[in-house]
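A.B. asks: This is the structure, below, for whatever I ask next.
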Amino acid sequence: MFLRATKAVFAAAILSAITMSAAHADPLIGVSLPMTGNKALVGQNFKHGVELAVADINASGGVLGKPLEVVFEDDQGDNANGAINAVNKLMQVSRVPLMIGPHYSVTQMATQSTYCNGSVVSVTGATGVPVTNSGCKFVVRTRSDDNVQAHALIEYTQKELKAGEKTGVLYVNDDFGKSGQARLIAQMDTLGLKPATAEGYNPGEKDFSALLAKLNDAGAKLVFLWAPDTDAAMIVRQAKQFGLPIKFAGSVLSEDAFLKLAGRSAEGALSASFFVPTDPSEKVQSFNKKYEERFKMEPDVWSATYYDATILAAKAINEAGVADPKKIREAFAKVTYGGLLADYKCDDAGNCNHQINIVEIKDGKPAVLARN
C-alpha cells in the first residue's frame with residue numbers, strides 16, 4: 001500500500017513538472033541588447049522599455065492566452081561577435097520564434113545570415129538603409145531609415161530657414177559619419193542643392209577650430225552635423241566660444257547626452273528625432289508617467305523605441321495565433337498600432353515606421369516643431 005501510494009505521489013510530481021515545463025517551455029520573445037560595454041546605458045533604457053511593455057501586455061491578457069515571458073541576452077552593443085553569440089543563444093537555447101534586436105545596424109547586418117532562413121523574426125530599431133534592403137525577409141524595422149531622417153531635415157531647413165547654398169556638412173570619418181554625409185548630399189541633390197563645403201574629421205579629434213573656420217569662411221550659415229553626441233557637443237560649444245553665426249542640424253542633437261554636454265550651446269540646434277519626452281501628446285505623457293513611476297527616471301528614445309517594438313511584436317504573435325516565425329512574419333502585414341514613435345503599418349520590406357519629428361532645442365529642452 002505504502003509503495004503504491006509513493007509511486008502515485010511520484011507520478012503526480014512528474015506529471016506536474018511536465019505540465020509546468022510545457023506551460024513555460026520556451027519564451028515567446030528573446031531580446032538581444034547591450035548589457036555590458038560602452039553601450040550598456042542604451043541597453044538599460046532599451047530593457048526598461050521592453051519590461052514596461054511586457055507589464056502592459058500581461059495586464060491586457062498576455063500573448064496566445066498566457067502571460068508573456070521574455071529572455072535577455074547581452075550582445076555588447078555594436079560588437080558583431082557579441083551579437084552573433086546572443087542571437088545564436090536566443091535561437092538555439094531559448095528557441096524563441098521572435099527576437100527584439102539587435103539594435104545597431106552593424107550587428108543587424110552581421111547576424112542576418114544566421115536568422116534570415118526563417119529561424120526567427122527580428123524586430124529592430126536599426127536605421128541603416130541596408131537593414132531592410134538586403135533581401136532578408138525576416139527583419140521588421142520600427143524606426144524609419146536614415147534616408148528619411150536626412151530628407152526630413154533638409155526639406156524642413158530649406159523650407160523654413162531658406163538656407164539654400166549656405167549650408168555645410170561636418171562629419172566624423174567613420175562608417176556612421178561617412179554614410180550620413182553621403183545621404184545628406186544625395187538628398188540635397190534631389191532638391192537641386194549643393195553644400196558650400198563638406199568637412200570630415202578623424203574619430204577622437206578634440207580641437208575643431210580649423211574645421212569650423214573652414215565652414216565659416218565658405219559662408220555656411222547652417223551646418224548639418226553627423227557625429228556622435230560627445231563630438232557634436234564639443235563642436236557646438238567651440239562654435240559658440242568663437243562667436244560663429246552657425247546654426248546646427250543633425251541626427252543626435254536632441255538626445256540627452258548631447259544636451260548635458262553641450263549645455264547652453266545646444267540652444268537652437270535642430271534634429272530629426274523619433275521621440276522626445278517633452279512631446280506634449282497625451283500618449284507620450286501617459287507613457288512618461290508610467291515609466292518614471294516604475295524606474296524613477298525619465299524615458300529616452302531607446303525606452304520608447306523598444307516599448308513600441310515589444311507591443312507591435314505581441315500584436316503580430318497574437319495575430320498569427322501560433323509561435324511559428326513564418327506565420328508571425330506574415331502577421332506583421334496585418335497589424336497596425338498607434339505607438340509612441342508612429343502609427344505603425346508594415347510594408348512588404350518590413351518597414352513599419354515612415355515618420356520622423358523635427359525638433360529644436362528651446363530653453364534647454366527639445367520641442368517638436370513638425371511631424372513628417
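Here, A, B, ... name the chains of the C-alpha cells in the order displayed, residue numbers run from 1 inside each chain, and ligands are numbered from 1 in the same displayed order.
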Find the residues near stretch 217-231 of chain A: any atom within 7 Å, counting only C-alpha atoms, skip ones fewer than 5 places away on the same chain, and give them as a ChimeraX atom specification.
C.D. replies: /A:163,166-172,177,180-181,196-197,245-252,257-258,261
A.B. asks: Just to be explicit: take each residue in the selection above, keep C-alpha atoms, and write the result as a PDB file, in the first residue's frame.
C.D. replies:
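And here is the file that came out, out-v9.pdb:
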```pdb
ATOM      1  CA  ALA A 163      19.353  78.199 -46.176  1.00  0.00           C
ATOM      2  CA  LYS A 166      24.676  78.485 -47.426  1.00  0.00           C
ATOM      3  CA  THR A 167      24.809  75.007 -45.935  1.00  0.00           C
ATOM      4  CA  GLY A 168      27.788  72.943 -44.879  1.00  0.00           C
ATOM      5  CA  VAL A 169      28.327  69.359 -43.748  1.00  0.00           C
ATOM      6  CA  LEU A 170      30.630  68.287 -40.913  1.00  0.00           C
ATOM      7  CA  TYR A 171      31.028  64.567 -40.263  1.00  0.00           C
ATOM      8  CA  VAL A 172      33.183  62.043 -38.452  1.00  0.00           C
ATOM      9  CA  GLY A 177      29.669  59.724 -40.379  1.00  0.00           C
ATOM     10  CA  GLY A 180      25.498  60.017 -43.087  1.00  0.00           C
ATOM     11  CA  GLN A 181      27.185  62.764 -45.097  1.00  0.00           C
ATOM     12  CA  ALA A 196      29.062  75.165 -49.552  1.00  0.00           C
ATOM     13  CA  THR A 197      31.621  72.702 -48.178  1.00  0.00           C
ATOM     14  CA  PRO A 245      26.953  82.619 -36.594  1.00  0.00           C
ATOM     15  CA  ILE A 246      26.303  78.965 -37.426  1.00  0.00           C
ATOM     16  CA  LYS A 247      23.107  77.029 -36.763  1.00  0.00           C
ATOM     17  CA  PHE A 248      23.493  73.246 -36.429  1.00  0.00           C
ATOM     18  CA  ALA A 249      21.205  70.420 -37.500  1.00  0.00           C
ATOM     19  CA  GLY A 250      21.864  66.719 -37.086  1.00  0.00           C
ATOM     20  CA  SER A 251      20.803  63.251 -36.044  1.00  0.00           C
ATOM     21  CA  VAL A 252      21.619  63.324 -32.311  1.00  0.00           C
ATOM     22  CA  ALA A 257      23.767  63.008 -23.573  1.00  0.00           C
ATOM     23  CA  PHE A 258      24.274  65.749 -26.166  1.00  0.00           C
ATOM     24  CA  LEU A 261      27.431  68.020 -22.603  1.00  0.00           C
TER      25      LEU A 261
END
```
A.B. asks: Mind the document's chain letters and residue numbers, and return as a PyMOL selection string the residues of stretch 149-370 of chain A that DSSP labels strand (DSSP E).
C.D. replies: chain A and resi 167-172+197-201+222-226+247-250+270-273+336-338+343-345+357-362+365-370
A.B. asks: DSSP on the backbone: which residues in stretch 94-222 of chain A end up as helix (DSSP H, G or I)? Give the answer as a PyMOL selection string.
C.D. replies: chain A and resi 105-115+129-132+146-161+175-190+209-217
A.B. asks: Could you list, as a list in words, every residue within 6 Å of stretch 324-334 of chain A, counting only C-alpha atoms and ignoring same-chain residues fewer than 5 positions away?
C.D. replies: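 Listing them by chain and then by number gives Pro97, Val120, Val121, Ala316, Ile317, Glu319 and Cys346 of chain A.
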A.B. asks: Pull all heavy atoms from the residues just selected and write them as a PDB file, in the first residue's frame.
C.D. replies:
```pdb
ATOM      1  N   PRO A  97      10.582  32.260 -31.200  1.00  0.00           N
ATOM      2  CA  PRO A  97      10.161  32.490 -32.584  1.00  0.00           C
ATOM      3  C   PRO A  97      10.367  33.934 -33.038  1.00  0.00           C
ATOM      4  O   PRO A  97      10.351  34.218 -34.231  1.00  0.00           O
ATOM      5  CB  PRO A  97       8.670  32.150 -32.549  1.00  0.00           C
ATOM      6  CG  PRO A  97       8.252  32.491 -31.151  1.00  0.00           C
ATOM      7  CD  PRO A  97       9.435  32.146 -30.280  1.00  0.00           C
ATOM      8  N   VAL A 120      13.890  32.783 -37.041  1.00  0.00           N
ATOM      9  CA  VAL A 120      13.320  33.704 -36.059  1.00  0.00           C
ATOM     10  C   VAL A 120      13.036  35.025 -36.776  1.00  0.00           C
ATOM     11  O   VAL A 120      13.674  35.334 -37.790  1.00  0.00           O
ATOM     12  CB  VAL A 120      14.300  33.912 -34.877  1.00  0.00           C
ATOM     13  CG1 VAL A 120      15.558  34.615 -35.311  1.00  0.00           C
ATOM     14  CG2 VAL A 120      13.653  34.662 -33.715  1.00  0.00           C
ATOM     15  N   VAL A 121      12.072  35.771 -36.267  1.00  0.00           N
ATOM     16  CA  VAL A 121      11.798  37.119 -36.775  1.00  0.00           C
ATOM     17  C   VAL A 121      12.532  38.118 -35.890  1.00  0.00           C
ATOM     18  O   VAL A 121      12.478  38.024 -34.666  1.00  0.00           O
ATOM     19  CB  VAL A 121      10.288  37.434 -36.749  1.00  0.00           C
ATOM     20  CG1 VAL A 121      10.031  38.855 -37.243  1.00  0.00           C
ATOM     21  CG2 VAL A 121       9.514  36.430 -37.586  1.00  0.00           C
ATOM     22  N   ALA A 316       1.620  40.990 -33.372  1.00  0.00           N
ATOM     23  CA  ALA A 316       1.862  40.105 -34.512  1.00  0.00           C
ATOM     24  C   ALA A 316       1.751  38.641 -34.102  1.00  0.00           C
ATOM     25  O   ALA A 316       1.185  37.816 -34.838  1.00  0.00           O
ATOM     26  CB  ALA A 316       3.230  40.391 -35.115  1.00  0.00           C
ATOM     27  N   ILE A 317       2.271  38.286 -32.934  1.00  0.00           N
ATOM     28  CA  ILE A 317       2.180  36.890 -32.469  1.00  0.00           C
ATOM     29  C   ILE A 317       0.723  36.518 -32.232  1.00  0.00           C
ATOM     30  O   ILE A 317       0.265  35.430 -32.611  1.00  0.00           O
ATOM     31  CB  ILE A 317       3.023  36.671 -31.202  1.00  0.00           C
ATOM     32  CG1 ILE A 317       4.507  36.915 -31.488  1.00  0.00           C
ATOM     33  CG2 ILE A 317       2.823  35.246 -30.671  1.00  0.00           C
ATOM     34  CD1 ILE A 317       5.388  36.921 -30.248  1.00  0.00           C
ATOM     35  N   GLU A 319      -1.849  37.871 -33.663  1.00  0.00           N
ATOM     36  CA  GLU A 319      -2.494  37.802 -34.981  1.00  0.00           C
ATOM     37  C   GLU A 319      -2.175  36.477 -35.666  1.00  0.00           C
ATOM     38  O   GLU A 319      -3.047  35.864 -36.288  1.00  0.00           O
ATOM     39  CB  GLU A 319      -2.011  38.965 -35.856  1.00  0.00           C
ATOM     40  CG  GLU A 319      -2.518  38.960 -37.278  1.00  0.00           C
ATOM     41  CD  GLU A 319      -4.015  39.210 -37.405  1.00  0.00           C
ATOM     42  OE1 GLU A 319      -4.579  39.913 -36.538  1.00  0.00           O
ATOM     43  OE2 GLU A 319      -4.616  38.689 -38.360  1.00  0.00           O
ATOM     44  N   CYS A 346       3.208  48.037 -41.476  1.00  0.00           N
ATOM     45  CA  CYS A 346       4.402  47.454 -42.081  1.00  0.00           C
ATOM     46  C   CYS A 346       4.221  47.200 -43.576  1.00  0.00           C
ATOM     47  O   CYS A 346       3.208  46.654 -43.998  1.00  0.00           O
ATOM     48  CB  CYS A 346       4.747  46.135 -41.395  1.00  0.00           C
ATOM     49  SG  CYS A 346       4.925  46.271 -39.596  1.00  0.00           S
TER      50      CYS A 346
END
```
A.B. asks: List the spatial neighbours of stretch 47-60 of chain A as a VMD selection string - criterion: any atom at most 12 Å away, only C-alpha atoms, same-chain residues fewer than 4 positions off excluded.
C.D. replies: chain A and resid 28 to 35 40 to 43 64 to 74 99 to 101 103 287 to 315 318 339 to 340
A.B. asks: Give me, please, the distance in Å between atom CA of A:Met91 and atom CA of A:Gly118, quoted to one decimal.
C.D. replies: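 Calculated distance between atom CA of A:Met91 and atom CA of A:Gly118 is 10.8 Å.
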A.B. asks: From the options A:Gly364, A:Pro195, A:Gly125, A:Pro27, which residue's atoms come nearest to A:Cys352, counting only C-alpha atoms?
C.D. replies: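 Selected residue with least distance to A:Cys352: A:Gly125.
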A.B. asks: Taking 5 positions as the minimum chain separation for residues in the same chain, which residues sit within 10 Å of A:Asn133 when counting only C-alpha atoms? Answer as a ChimeraX atom specification.
C.D. replies: /A:128,139,349-351
A.B. asks: Can you pull out the residues contacting A:Met188? Cut-off 10 Å, using only C-alpha atoms, and skip same-chain residues under 6 positions away; I want them as a list in words.
C.D. replies: Ala150, His151, Ile154, Glu155, Gln158, Gly164, Glu165, Thr167, Ala182, Lys194 and Pro195 of chain A
A.B. asks: Save the residues we just selected, N, CA, C and O atoms, as a compact mmCIF listing (two decimals), in the first residue's frame?
C.D. replies:
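What landed in again_1.txt:
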```txt
# COMPACT_ATOMS: atom_id res chain seq x y z
N ALA A 150 17.45 62.17 -43.12
CA ALA A 150 18.21 63.17 -43.86
C ALA A 150 17.28 64.03 -44.71
O ALA A 150 17.40 65.27 -44.75
N HIS A 151 16.35 63.39 -45.41
CA HIS A 151 15.44 64.14 -46.28
C HIS A 151 14.57 65.10 -45.47
O HIS A 151 14.36 66.25 -45.87
N ILE A 154 16.64 68.17 -44.30
CA ILE A 154 16.97 69.09 -45.40
C ILE A 154 15.73 69.81 -45.89
O ILE A 154 15.73 71.03 -46.09
N GLU A 155 14.66 69.06 -46.07
CA GLU A 155 13.42 69.67 -46.55
C GLU A 155 12.92 70.76 -45.58
O GLU A 155 12.52 71.85 -46.01
N GLN A 158 15.30 73.88 -45.58
CA GLN A 158 15.20 74.68 -46.80
C GLN A 158 13.88 75.45 -46.85
O GLN A 158 13.83 76.61 -47.27
N GLY A 164 19.32 77.54 -48.51
CA GLY A 164 19.86 77.48 -49.87
C GLY A 164 21.25 76.89 -49.92
O GLY A 164 21.54 75.85 -49.35
N GLU A 165 22.15 77.59 -50.62
CA GLU A 165 23.52 77.09 -50.77
C GLU A 165 24.41 77.44 -49.58
O GLU A 165 25.59 77.08 -49.56
N THR A 167 24.79 76.16 -46.83
CA THR A 167 24.81 75.01 -45.94
C THR A 167 26.15 74.29 -46.03
O THR A 167 26.77 74.24 -47.09
N ALA A 182 27.07 61.18 -46.94
CA ALA A 182 26.72 60.78 -48.31
C ALA A 182 25.21 60.87 -48.53
O ALA A 182 24.75 61.33 -49.59
N LYS A 194 23.67 72.05 -53.41
CA LYS A 194 25.00 71.53 -53.10
C LYS A 194 25.51 72.24 -51.85
O LYS A 194 25.27 73.44 -51.68
N PRO A 195 26.23 71.50 -50.97
CA PRO A 195 26.75 72.16 -49.78
C PRO A 195 27.86 73.15 -50.13
O PRO A 195 28.61 72.93 -51.11
```
A.B. asks: Grab the atom CA of A:Gly263 to atom CA of A:Phe176 distance for me, in Å with one decimal place.
C.D. replies: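 Straight-line distance from atom CA of A:Gly263 to atom CA of A:Phe176 works out to 24.2 Å.
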A.B. asks: With distances taken over only C-alpha atoms, which of A:Asp75, A:Ala80, A:Leu98, A:Ser281 is nearest to A:Val322?
C.D. replies: A:Leu98
A.B. asks: Of the candidates A:Val93, A:Val123, A:Met109, A:Ala239, which shows the shortest atom-to-atom distance to A:Leu215, using only C-alpha atoms?
C.D. replies: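 The closest residue to A:Leu215 is A:Ala239.
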A.B. asks: Set the distance at 7 Å and use only C-alpha atoms: which residues neighbour A:Cys116 once local chain neighbours fewer than 4 positions away are removed? I'd like the list as a ChimeraX atom specification.
C.D. replies: /A:112,136-138
A.B. asks: Generate the output file for the selected residues, all heavy atoms, as a compact mmCIF listing (two decimals), in the first residue's frame.
C.D. replies:
```
# COMPACT_ATOMS: atom_id res chain seq x y z
N GLN A 112 22.16 38.79 -39.80
CA GLN A 112 21.05 38.42 -40.67
C GLN A 112 21.24 37.06 -41.34
O GLN A 112 20.28 36.31 -41.53
CB GLN A 112 20.79 39.51 -41.71
CG GLN A 112 20.10 40.72 -41.11
CD GLN A 112 19.57 41.70 -42.13
OE1 GLN A 112 19.72 41.52 -43.33
NE2 GLN A 112 18.94 42.77 -41.65
N CYS A 136 16.68 40.16 -46.82
CA CYS A 136 16.23 39.38 -45.67
C CYS A 136 14.74 39.63 -45.46
O CYS A 136 14.31 40.77 -45.27
CB CYS A 136 17.00 39.78 -44.41
SG CYS A 136 16.48 38.88 -42.93
N LYS A 137 13.95 38.57 -45.44
CA LYS A 137 12.50 38.70 -45.31
C LYS A 137 12.02 38.56 -43.86
O LYS A 137 10.82 38.65 -43.60
CB LYS A 137 11.81 37.63 -46.17
CG LYS A 137 12.11 37.74 -47.66
CD LYS A 137 11.67 39.07 -48.22
CE LYS A 137 11.92 39.16 -49.72
NZ LYS A 137 11.58 40.50 -50.26
N PHE A 138 12.95 38.35 -42.93
CA PHE A 138 12.54 38.10 -41.55
C PHE A 138 12.99 39.19 -40.58
O PHE A 138 13.13 38.96 -39.40
CB PHE A 138 13.00 36.71 -41.10
CG PHE A 138 12.19 35.62 -41.72
CD1 PHE A 138 12.51 35.13 -42.98
CD2 PHE A 138 11.06 35.14 -41.09
CE1 PHE A 138 11.74 34.15 -43.58
CE2 PHE A 138 10.28 34.17 -41.68
CZ PHE A 138 10.61 33.67 -42.93
```
A.B. asks: Return the single residue from A:Gly61, A:Gly338, A:Gly192, A:Pro366 that is closest to A:Phe275, with distances computed using only C-alpha atoms.
C.D. replies: A:Pro366
A.B. asks: Here is a test: counting only C-alpha atoms, which residue of A:Gly77, A:Ala83, A:Ala232, A:Ala262 is nearest to A:Phe46?
C.D. replies: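 Answer, going by the shortest atom-to-atom distance: A:Gly77.
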A.B. asks: Between A:Leu259, A:Ala342, A:Val359, A:Ala198, single out the one closest to A:Asn216, counting only C-alpha atoms.
C.D. replies: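 Using only C-alpha atoms, A:Asn216 sits closest to A:Ala198.
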A.B. asks: To one decimal place in Å, what is the distance between atom CA of A:Asp78 and atom CA of A:Gly135?
C.D. replies: 21.6 Å
